[in-house]
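*Asks:* So here's protein-v2.tsv (TSV, C-alpha atoms).
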chain	number	residue	atom	x	y	z
Y	1	PRO	CA	11.68	93.46	30.54
Y	2	ILE	CA	10.05	96.88	30.33
Y	3	ILE	CA	12.64	98.85	32.28
Y	4	SER	CA	16.22	98.13	33.29
Y	5	HIS	CA	18.47	99.74	35.88
Y	6	GLU	CA	22.16	99.99	35.05
Y	7	GLY	CA	21.71	97.18	32.56
Y	8	LYS	CA	19.80	94.86	34.91
Y	9	ALA	CA	16.16	94.00	34.18
Y	10	ILE	CA	13.87	95.52	36.83
Y	11	PHE	CA	10.24	95.70	35.70
Y	12	TYR	CA	8.52	93.08	33.56
Y	13	PRO	CA	5.17	93.33	31.74
Y	14	ASN	CA	1.95	92.27	33.46
Y	15	THR	CA	3.34	92.53	36.98
Y	16	ILE	CA	2.69	94.42	40.21
Y	17	ASN	CA	5.65	96.39	41.58
Y	18	ILE	CA	6.37	98.61	44.59
Y	19	ILE	CA	8.24	101.72	45.64
Y	20	GLN	CA	8.21	101.95	49.44
Y	21	GLY	CA	9.74	104.35	51.96
Y	22	GLN	CA	9.11	106.69	54.85
Y	23	ALA	CA	7.34	110.00	54.27
Y	24	GLY	CA	9.50	112.66	52.65
Y	25	VAL	CA	12.07	110.44	50.91
Y	26	HIS	CA	11.01	111.41	47.37
Y	27	LYS	CA	9.16	108.25	46.35
Y	28	SER	CA	7.05	110.28	43.93
Y	29	ARG	CA	10.14	111.84	42.38
Y	30	LEU	CA	11.54	108.37	41.71
Y	31	ALA	CA	8.23	107.32	40.14
Y	32	GLU	CA	8.43	110.38	37.87
Y	33	ILE	CA	11.95	109.43	36.78
Y	34	ILE	CA	10.89	105.84	36.03
Y	35	SER	CA	7.90	107.15	34.08
Y	36	ALA	CA	10.14	109.53	32.14
Y	37	ALA	CA	12.45	106.64	31.23
Y	38	LEU	CA	9.50	104.74	29.78
Y	39	ILE	CA	8.23	107.58	27.54
Y	40	LYS	CA	11.57	109.35	26.94
Y	41	GLN	CA	12.06	110.89	23.51
Y	42	GLN	CA	14.93	109.51	21.44
Y	43	THR	CA	16.49	112.97	21.22
Y	44	CYS	CA	16.48	113.40	25.01
Y	45	LYS	CA	19.94	112.97	26.55
Y	46	ALA	CA	18.89	112.95	30.21
Y	47	GLU	CA	20.41	110.23	32.38
Y	48	LEU	CA	17.68	109.00	34.68
Y	49	LEU	CA	19.51	107.52	37.69
Y	50	GLY	CA	20.41	104.49	35.58
Y	51	PHE	CA	16.80	103.65	34.62
Y	52	GLU	CA	16.24	102.94	30.93
Y	53	LYS	CA	13.44	101.62	28.78
Y	54	ALA	CA	14.22	98.03	27.84
Y	55	SER	CA	11.26	97.32	25.55
Y	56	LYS	CA	10.79	98.34	21.91
Y	57	GLU	CA	7.04	98.83	22.44
Y	58	ASP	CA	5.48	102.24	22.97
Y	59	PHE	CA	3.89	102.53	26.41
Y	60	THR	CA	1.32	104.89	27.87
Y	61	VAL	CA	1.86	105.92	31.47
Y	62	LEU	CA	-1.25	106.44	33.62
Y	63	TYR	CA	-0.31	108.46	36.69
Y	64	VAL	CA	-2.92	108.32	39.48
Y	65	ASP	CA	-2.21	110.74	42.34
Y	66	THR	CA	-3.94	110.93	45.72
Y	67	GLU	CA	-1.76	113.29	47.79
Y	68	ARG	CA	-0.63	116.43	45.99
Y	69	ASN	CA	-2.96	119.39	45.51
Y	70	TRP	CA	-4.40	119.92	42.03
Y	71	LYS	CA	-3.73	123.68	42.05
Y	72	ASP	CA	0.08	123.65	42.21
Y	73	GLN	CA	1.85	120.48	43.32
Y	74	PHE	CA	0.50	117.83	40.95
Y	75	PRO	CA	0.58	120.03	37.80
Y	76	ALA	CA	4.18	120.98	38.63
Y	77	ALA	CA	5.08	117.30	39.01
Y	78	ILE	CA	3.53	116.42	35.64
Y	79	GLN	CA	5.36	119.31	33.95
Y	80	ARG	CA	8.64	118.18	35.53
Y	81	LEU	CA	8.05	114.61	34.33
Y	82	LEU	CA	7.41	115.82	30.78
Y	83	GLU	CA	10.53	117.98	30.68
Y	84	THR	CA	12.62	115.15	32.13
Y	85	ALA	CA	11.45	112.93	29.25
Y	86	GLY	CA	12.31	115.59	26.66
Y	87	TYR	CA	8.85	117.06	26.00
Y	88	SER	CA	7.51	120.58	26.26
Y	89	LYS	CA	5.68	121.02	29.55
Y	90	HIS	CA	2.99	122.99	27.71
Y	91	GLU	CA	2.31	120.53	24.87
Y	92	GLY	CA	2.67	117.20	26.64
Y	93	THR	CA	2.37	113.81	24.95
Y	94	LYS	CA	-0.34	111.21	24.35
Y	95	GLN	CA	1.92	108.71	26.11
Y	96	LEU	CA	1.18	110.31	29.48
Y	97	LYS	CA	-2.26	110.39	31.08
Y	98	TYR	CA	-2.90	111.56	34.63
Y	99	VAL	CA	-5.67	112.00	37.15
Y	100	SER	CA	-6.04	113.10	40.78
Y	101	LEU	CA	-8.31	111.33	43.26
Y	102	LEU	CA	-7.57	113.84	46.02
Y	103	GLU	CA	-10.96	115.53	46.01
Y	104	ILE	CA	-12.93	112.27	45.77
Y	105	PRO	CA	-14.19	110.98	49.15
Y	106	ARG	CA	-12.12	108.03	50.31
Y	107	LYS	CA	-15.10	105.65	50.27
Y	108	GLU	CA	-15.62	106.40	46.58
Y	109	ARG	CA	-12.00	106.28	45.41
Y	110	PHE	CA	-11.81	102.59	44.60
Y	111	SER	CA	-14.89	102.68	42.38
Y	112	SER	CA	-13.65	105.89	40.74
Y	113	LEU	CA	-10.26	104.31	40.08
Y	114	GLN	CA	-11.95	101.21	38.67
Y	115	GLU	CA	-14.04	103.31	36.27
Y	116	TYR	CA	-11.04	105.39	35.21
Y	117	LEU	CA	-8.89	102.34	34.43
Y	118	GLU	CA	-11.69	100.67	32.48
Y	119	MET	CA	-12.17	103.82	30.40
Y	120	GLN	CA	-8.46	104.17	29.65
Y	121	LYS	CA	-8.04	100.50	28.77
Y	122	SER	CA	-10.86	100.79	26.24
Y	123	GLU	CA	-9.41	103.91	24.61
Y	124	ILE	CA	-5.64	103.21	24.59
Y	125	SER	CA	-4.05	100.55	22.39
Y	126	ASN	CA	-0.55	100.83	23.90
Y	127	PRO	CA	0.50	98.70	26.86
Y	128	LEU	CA	-0.26	100.62	30.07
Y	129	PHE	CA	2.14	101.40	32.91
Y	130	ILE	CA	-0.09	102.44	35.83
Y	131	ILE	CA	1.30	104.33	38.82
Y	132	LEU	CA	-0.76	104.51	42.03
Y	133	ASP	CA	0.70	107.32	44.17
Y	134	VAL	CA	-0.04	106.48	46.92
Y	135	SER	CA	-1.78	103.14	46.62
Y	136	THR	CA	-3.18	102.98	50.18
Y	137	ASP	CA	-5.19	106.14	49.50
Y	138	CYS	CA	-7.04	104.38	46.68
Y	139	ILE	CA	-9.00	102.26	49.14
Y	140	GLU	CA	-11.27	102.98	52.09
Y	141	ASP	CA	-9.15	101.32	54.81
Y	142	PHE	CA	-5.71	99.80	54.20
Y	143	ASN	CA	-5.88	97.86	57.49
Y	144	LYS	CA	-9.06	95.96	56.55
Y	145	THR	CA	-8.63	92.68	54.70
Y	146	ASP	CA	-11.70	93.05	52.47
Y	147	LYS	CA	-10.90	96.62	51.40
Y	148	SER	CA	-7.24	95.78	50.80
Y	149	MET	CA	-8.09	92.74	48.71
Y	150	GLU	CA	-10.44	94.75	46.49
Y	151	LEU	CA	-7.50	96.64	45.03
Y	152	ILE	CA	-5.17	93.62	45.04
Y	153	ASP	CA	-7.79	91.62	43.14
Y	154	LEU	CA	-8.40	94.46	40.69
Y	155	MET	CA	-4.69	94.57	39.84
Y	156	ASN	CA	-4.39	90.78	39.60
Y	157	VAL	CA	-7.33	90.58	37.20
Y	158	ALA	CA	-5.99	93.49	35.13
Y	159	ILE	CA	-2.49	92.06	34.66
Y	160	ASN	CA	-3.97	88.76	33.51
Y	161	GLU	CA	-6.67	90.10	31.20
Y	162	TYR	CA	-4.99	93.23	29.80
Y	163	ASP	CA	-1.55	94.46	28.79
Y	164	VAL	CA	-0.96	96.47	31.96
Y	165	THR	CA	1.75	96.80	34.60
Y	166	PHE	CA	1.37	98.45	38.01
Y	167	LEU	CA	3.82	100.46	40.10
Y	168	CYS	CA	2.39	101.09	43.57
Y	169	LEU	CA	3.86	103.68	45.91
Y	170	ILE	CA	3.35	102.99	49.59
Y	171	HIS	CA	4.52	104.51	52.86
Y	172	GLU	CA	6.36	102.45	55.44
Y	173	ASN	CA	5.21	102.26	59.04
Y	174	PRO	CA	6.99	104.84	61.23
Y	175	LYS	CA	10.44	103.65	62.36
Y	176	SER	CA	10.00	100.45	60.37
Y	177	GLU	CA	10.83	99.06	56.94
Y	178	LYS	CA	7.45	97.33	56.67
Y	179	ALA	CA	4.97	98.64	54.10
Y	180	ARG	CA	1.91	100.15	55.76
Y	181	GLY	CA	-1.09	98.13	56.87
Y	182	HIS	CA	-2.62	94.85	55.79
Y	183	PHE	CA	-2.61	96.17	52.24
Y	184	GLY	CA	1.17	96.63	52.40
Y	185	THR	CA	1.64	93.04	53.55
Y	186	GLU	CA	-0.52	91.65	50.74
Y	187	LEU	CA	1.09	93.95	48.20
Y	188	MET	CA	4.56	92.69	49.09
Y	189	ASN	CA	3.32	89.12	48.64
Y	190	LYS	CA	2.10	89.92	45.12
Y	191	SER	CA	4.95	92.16	43.95
Y	192	SER	CA	7.53	91.15	41.37
Y	193	THR	CA	9.96	93.98	42.16
Y	194	ALA	CA	10.14	96.13	45.30
Y	195	ILE	CA	12.27	99.25	45.56
Y	196	GLN	CA	12.98	100.92	48.89
Y	197	VAL	CA	13.87	104.61	49.03
Y	198	GLY	CA	15.43	106.09	52.17
Y	199	TYR	CA	18.17	108.23	53.63
Y	200	GLU	CA	21.59	106.81	54.39
Y	201	LYS	CA	22.43	106.68	58.11
Y	202	ASP	CA	25.52	108.12	59.77
Y	203	ALA	CA	27.60	106.42	62.47
Y	204	LYS	CA	25.01	107.44	65.09
Y	205	ASN	CA	22.12	106.04	63.03
Y	206	ARG	CA	20.87	109.51	62.10
Y	207	ASP	CA	19.54	110.36	58.65
Y	208	THR	CA	22.00	112.08	56.34
Y	209	ASP	CA	21.19	114.13	53.22
Y	210	LEU	CA	22.17	111.19	50.98
Y	211	LEU	CA	19.29	109.20	49.51
Y	212	ARG	CA	19.64	105.52	48.69
Y	213	ILE	CA	17.68	103.29	46.33
Y	214	ARG	CA	17.63	99.65	47.33
Y	215	PHE	CA	16.07	96.71	45.49
Y	216	LEU	CA	14.44	94.32	47.97
Please render this file's structure as structure tokens.

*Replies:*
Amino acid sequence: PIISHEGKAIFYPNTINIIQGQAGVHKSRLAEIISAALIKQQTCKAELLGFEKASKEDFTVLYVDTERNWKDQFPAAIQRLLETAGYSKHEGTKQLKYVSLLEIPRKERFSSLQEYLEMQKSEISNPLFIILDVSTDCIEDFNKTDKSMELIDLMNVAINEYDVTFLCLIHENPKSEKARGHFGTELMNKSSTAIQVGYEKDAKNRDTDLLRIRFL
């Protein structure tokens, strides 16, 4: 395994994996913590919600963001990830690469993502842990079969031809635990591990302030 949670193997190499949840349940924050566990410095004493690196290999994390603005939100998230892993937020590390697709028109995002991944695979010798946050924004229409399968096929080819692993973040449909769109359905069919993030409910089925992490 690549990563374990409280001693149990969670993510394996050359697989597609999911974090799903409603909007506002800190899916991205969990992805940052998992990323930090994978590139954590040996001198760092942070406990990362029970997530730990389980492999002796050095990994490079590629963080692809589609939602947060490039001026404040995404840079702050990258700095937080670095500090969580024990690095200086100003110096960074070669084990973390990141890019935003926010300003790229949606119709062009898939081809841009494809070019970016090809470039990184040619330049980086470490195994790659690729985070797509959020994955539905990397394609033109997540409800269309052909557009959904473009990204599914890209990931399937990549995990078979290269030393890469994917972690896809995806929203759930409102008032549902189903991952969004046709893409979400296909992604669940291909995933090795799925994690659901959400708020605990009270006796009246109302959200509390307590977050839960559930392995599906």

*Asks:* List the neighbours of Y:Thr208 out to 12 Å using all atoms listed in the file; skip same-chain residues closer than 6 positions along the sequence, and give me the result as JSON, numbers by chain.

*Replies:* {"Y": [25, 198, 199, 200, 201, 202]}

*Asks:* Could you please take those selected residues and save C-alpha atoms as a short mmCIF file (atom, residue, chain, number, x, y, z; two decimals), keeping the file's coordinate frame?

*Replies:*
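Result went into part_13.cif, see below:
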data_model
loop_
_atom_site.label_atom_id
_atom_site.label_comp_id
_atom_site.auth_asym_id
_atom_site.auth_seq_id
_atom_site.Cartn_x
_atom_site.Cartn_y
_atom_site.Cartn_z
CA VAL Y 25 12.07 110.44 50.91
CA GLY Y 198 15.43 106.09 52.17
CA TYR Y 199 18.17 108.23 53.63
CA GLU Y 200 21.59 106.81 54.39
CA LYS Y 201 22.43 106.68 58.11
CA ASP Y 202 25.52 108.12 59.77
#

*Asks:* In Å to one decimal, how far is atom CA of Y:Arg212 from atom CA of Y:Ile19?

*Replies:* 12.4 Å

*Asks:* Any idea what the distance is between atom CA of Y:Phe51 and atom CA of Y:Glu123?

*Replies:*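 We find that atom CA of Y:Phe51 and atom CA of Y:Glu123 lie 28.1 Å from each other.
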
*Asks:* Stretch 70-73 of chain Y: which residues within 8 Å, counting only C-alpha atoms, same-chain residues fewer than 2 positions away excluded, as a list in words?

*Replies:*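 In the requested form, the answer reads Arg68, Pro75, Ala76, Ala77, Ser100 and Leu102 of chain Y.
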
*Asks:* Have a look at atom CA of Y:Asp133 and atom CA of Y:Thr66 and let me know their distance in Å, one decimal.

*Replies:* 6.1 Å

*Asks:* Could you check which of Y:Val61, Y:Ala46, Y:Ile159, Y:Phe110 is closest to Y:Asp141, using all atoms listed in the file?

*Replies:*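 Result for the nearest residue to Y:Asp141: Y:Phe110.
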
*Asks:* Find, counting all atoms listed in the file, the residue in Y:Glu32, Y:Glu52, Y:Glu161, Y:Glu47 that gets nearest to Y:Ala9.

*Replies:*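 Ranking Y:Glu32, Y:Glu52, Y:Glu161, Y:Glu47 by distance to Y:Ala9, first place goes to Y:Glu52.
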
*Asks:* Would you mind listing what lies within 7 Å of Y:Ile130 as a list in words, with all atoms listed in the file counted and same-chain residues fewer than 5 positions away left out?

*Replies:*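 What passes the distance filter is Val61, Leu62, Tyr63, Thr165, Phe166 and Leu167 of chain Y.
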
*Asks:* With only C-alpha atoms as the atoms that count, which of Y:Thr43, Y:Thr145, Y:Ser176, Y:Gln22 lies nearest to Y:Tyr87?

*Replies:* Y:Thr43

*Asks:* Pick the closest to Y:Lys8 from Y:Lys89, Y:Gly50, Y:Ile124, Y:Ser55: which is it, counting all atoms listed in the file?

*Replies:*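 The answer is Y:Gly50, which sits nearest to Y:Lys8.
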
*Asks:* For each of Y:Ser4, Y:Ser148, Y:Thr193, Y:Thr84, take the minimum atom-to-atom distance to Y:Arg29, counting all atoms listed in the file, then give the residue where this is smallest.

*Replies:*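 Ranked by minimum distance to Y:Arg29, first place goes to Y:Thr84.
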
*Asks:* Show which residues sit within 8 Å of Y:Lys40, as number ranges by chain. Count only C-alpha atoms, and ignore same-chain residues fewer than 4 positions away.

*Replies:* Y: 36, 44, 84-86

*Asks:* Any chance you can output those residues with C-alpha atoms as a PDB file, in the coordinates of the input?

*Replies:*
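Saved result, part.pdb, follows:
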ATOM      1  CA  ALA Y  36      10.140 109.530  32.140  1.00  0.00           C
ATOM      2  CA  CYS Y  44      16.480 113.400  25.010  1.00  0.00           C
ATOM      3  CA  THR Y  84      12.620 115.150  32.130  1.00  0.00           C
ATOM      4  CA  ALA Y  85      11.450 112.930  29.250  1.00  0.00           C
ATOM      5  CA  GLY Y  86      12.310 115.590  26.660  1.00  0.00           C
TER       6      GLY Y  86
END

*Asks:* Which is closer to Y:Gln20 than all the others in Y:Asp58, Y:Glu177, Y:Glu103, Y:Glu186, using all atoms listed in the file?

*Replies:*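 Of Y:Asp58, Y:Glu177, Y:Glu103, Y:Glu186, the one nearest Y:Gln20, counting all atoms listed in the file, is Y:Glu177.
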
*Asks:* Which polymer residues, whether protein, DNA or RNA, lie within 7 Å of the coordinate (-0.2, 105.5, 43.3) when you count only C-alpha atoms? List them as a list in words, using the chain letters and numbers from the file.

*Replies:*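 Protein and nucleic acid residues near the point are Val64, Asp65, Ile131, Leu132, Asp133, Val134, Ser135, Cys168 and Leu169 of chain Y.
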
*Asks:* Any chance you can output those residues with C-alpha atoms as a PDB file, in the frame of the given file?

*Replies:*
ATOM      1  CA  VAL Y  64      -2.920 108.320  39.480  1.00  0.00           C
ATOM      2  CA  ASP Y  65      -2.210 110.740  42.340  1.00  0.00           C
ATOM      3  CA  ILE Y 131       1.300 104.330  38.820  1.00  0.00           C
ATOM      4  CA  LEU Y 132      -0.760 104.510  42.030  1.00  0.00           C
ATOM      5  CA  ASP Y 133       0.700 107.320  44.170  1.00  0.00           C
ATOM      6  CA  VAL Y 134      -0.040 106.480  46.920  1.00  0.00           C
ATOM      7  CA  SER Y 135      -1.780 103.140  46.620  1.00  0.00           C
ATOM      8  CA  CYS Y 168       2.390 101.090  43.570  1.00  0.00           C
ATOM      9  CA  LEU Y 169       3.860 103.680  45.910  1.00  0.00           C
TER      10      LEU Y 169
END

*Asks:* So that I can check the surroundings of Y:Gly92, please list as a list in words every protein, DNA and RNA residue that reaches within 10 Å of it, counting only C-alpha atoms and ignoring chain neighbours fewer than 5 positions away.

*Replies:*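 So, after excluding close chain neighbours, the residues are Ile78, Gln79, Leu81, Leu82, Glu83, Gly86, Tyr87 and Lys97 of chain Y.
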
*Asks:* Using all atoms listed in the file - which residues lie no farther than 10 Å from the point (-0.1, 99.8, 24.9) in the file's frame? Write them as a ChimeraX atom specification.

*Replies:* /Y:57-61,95,121,124-129,162-164
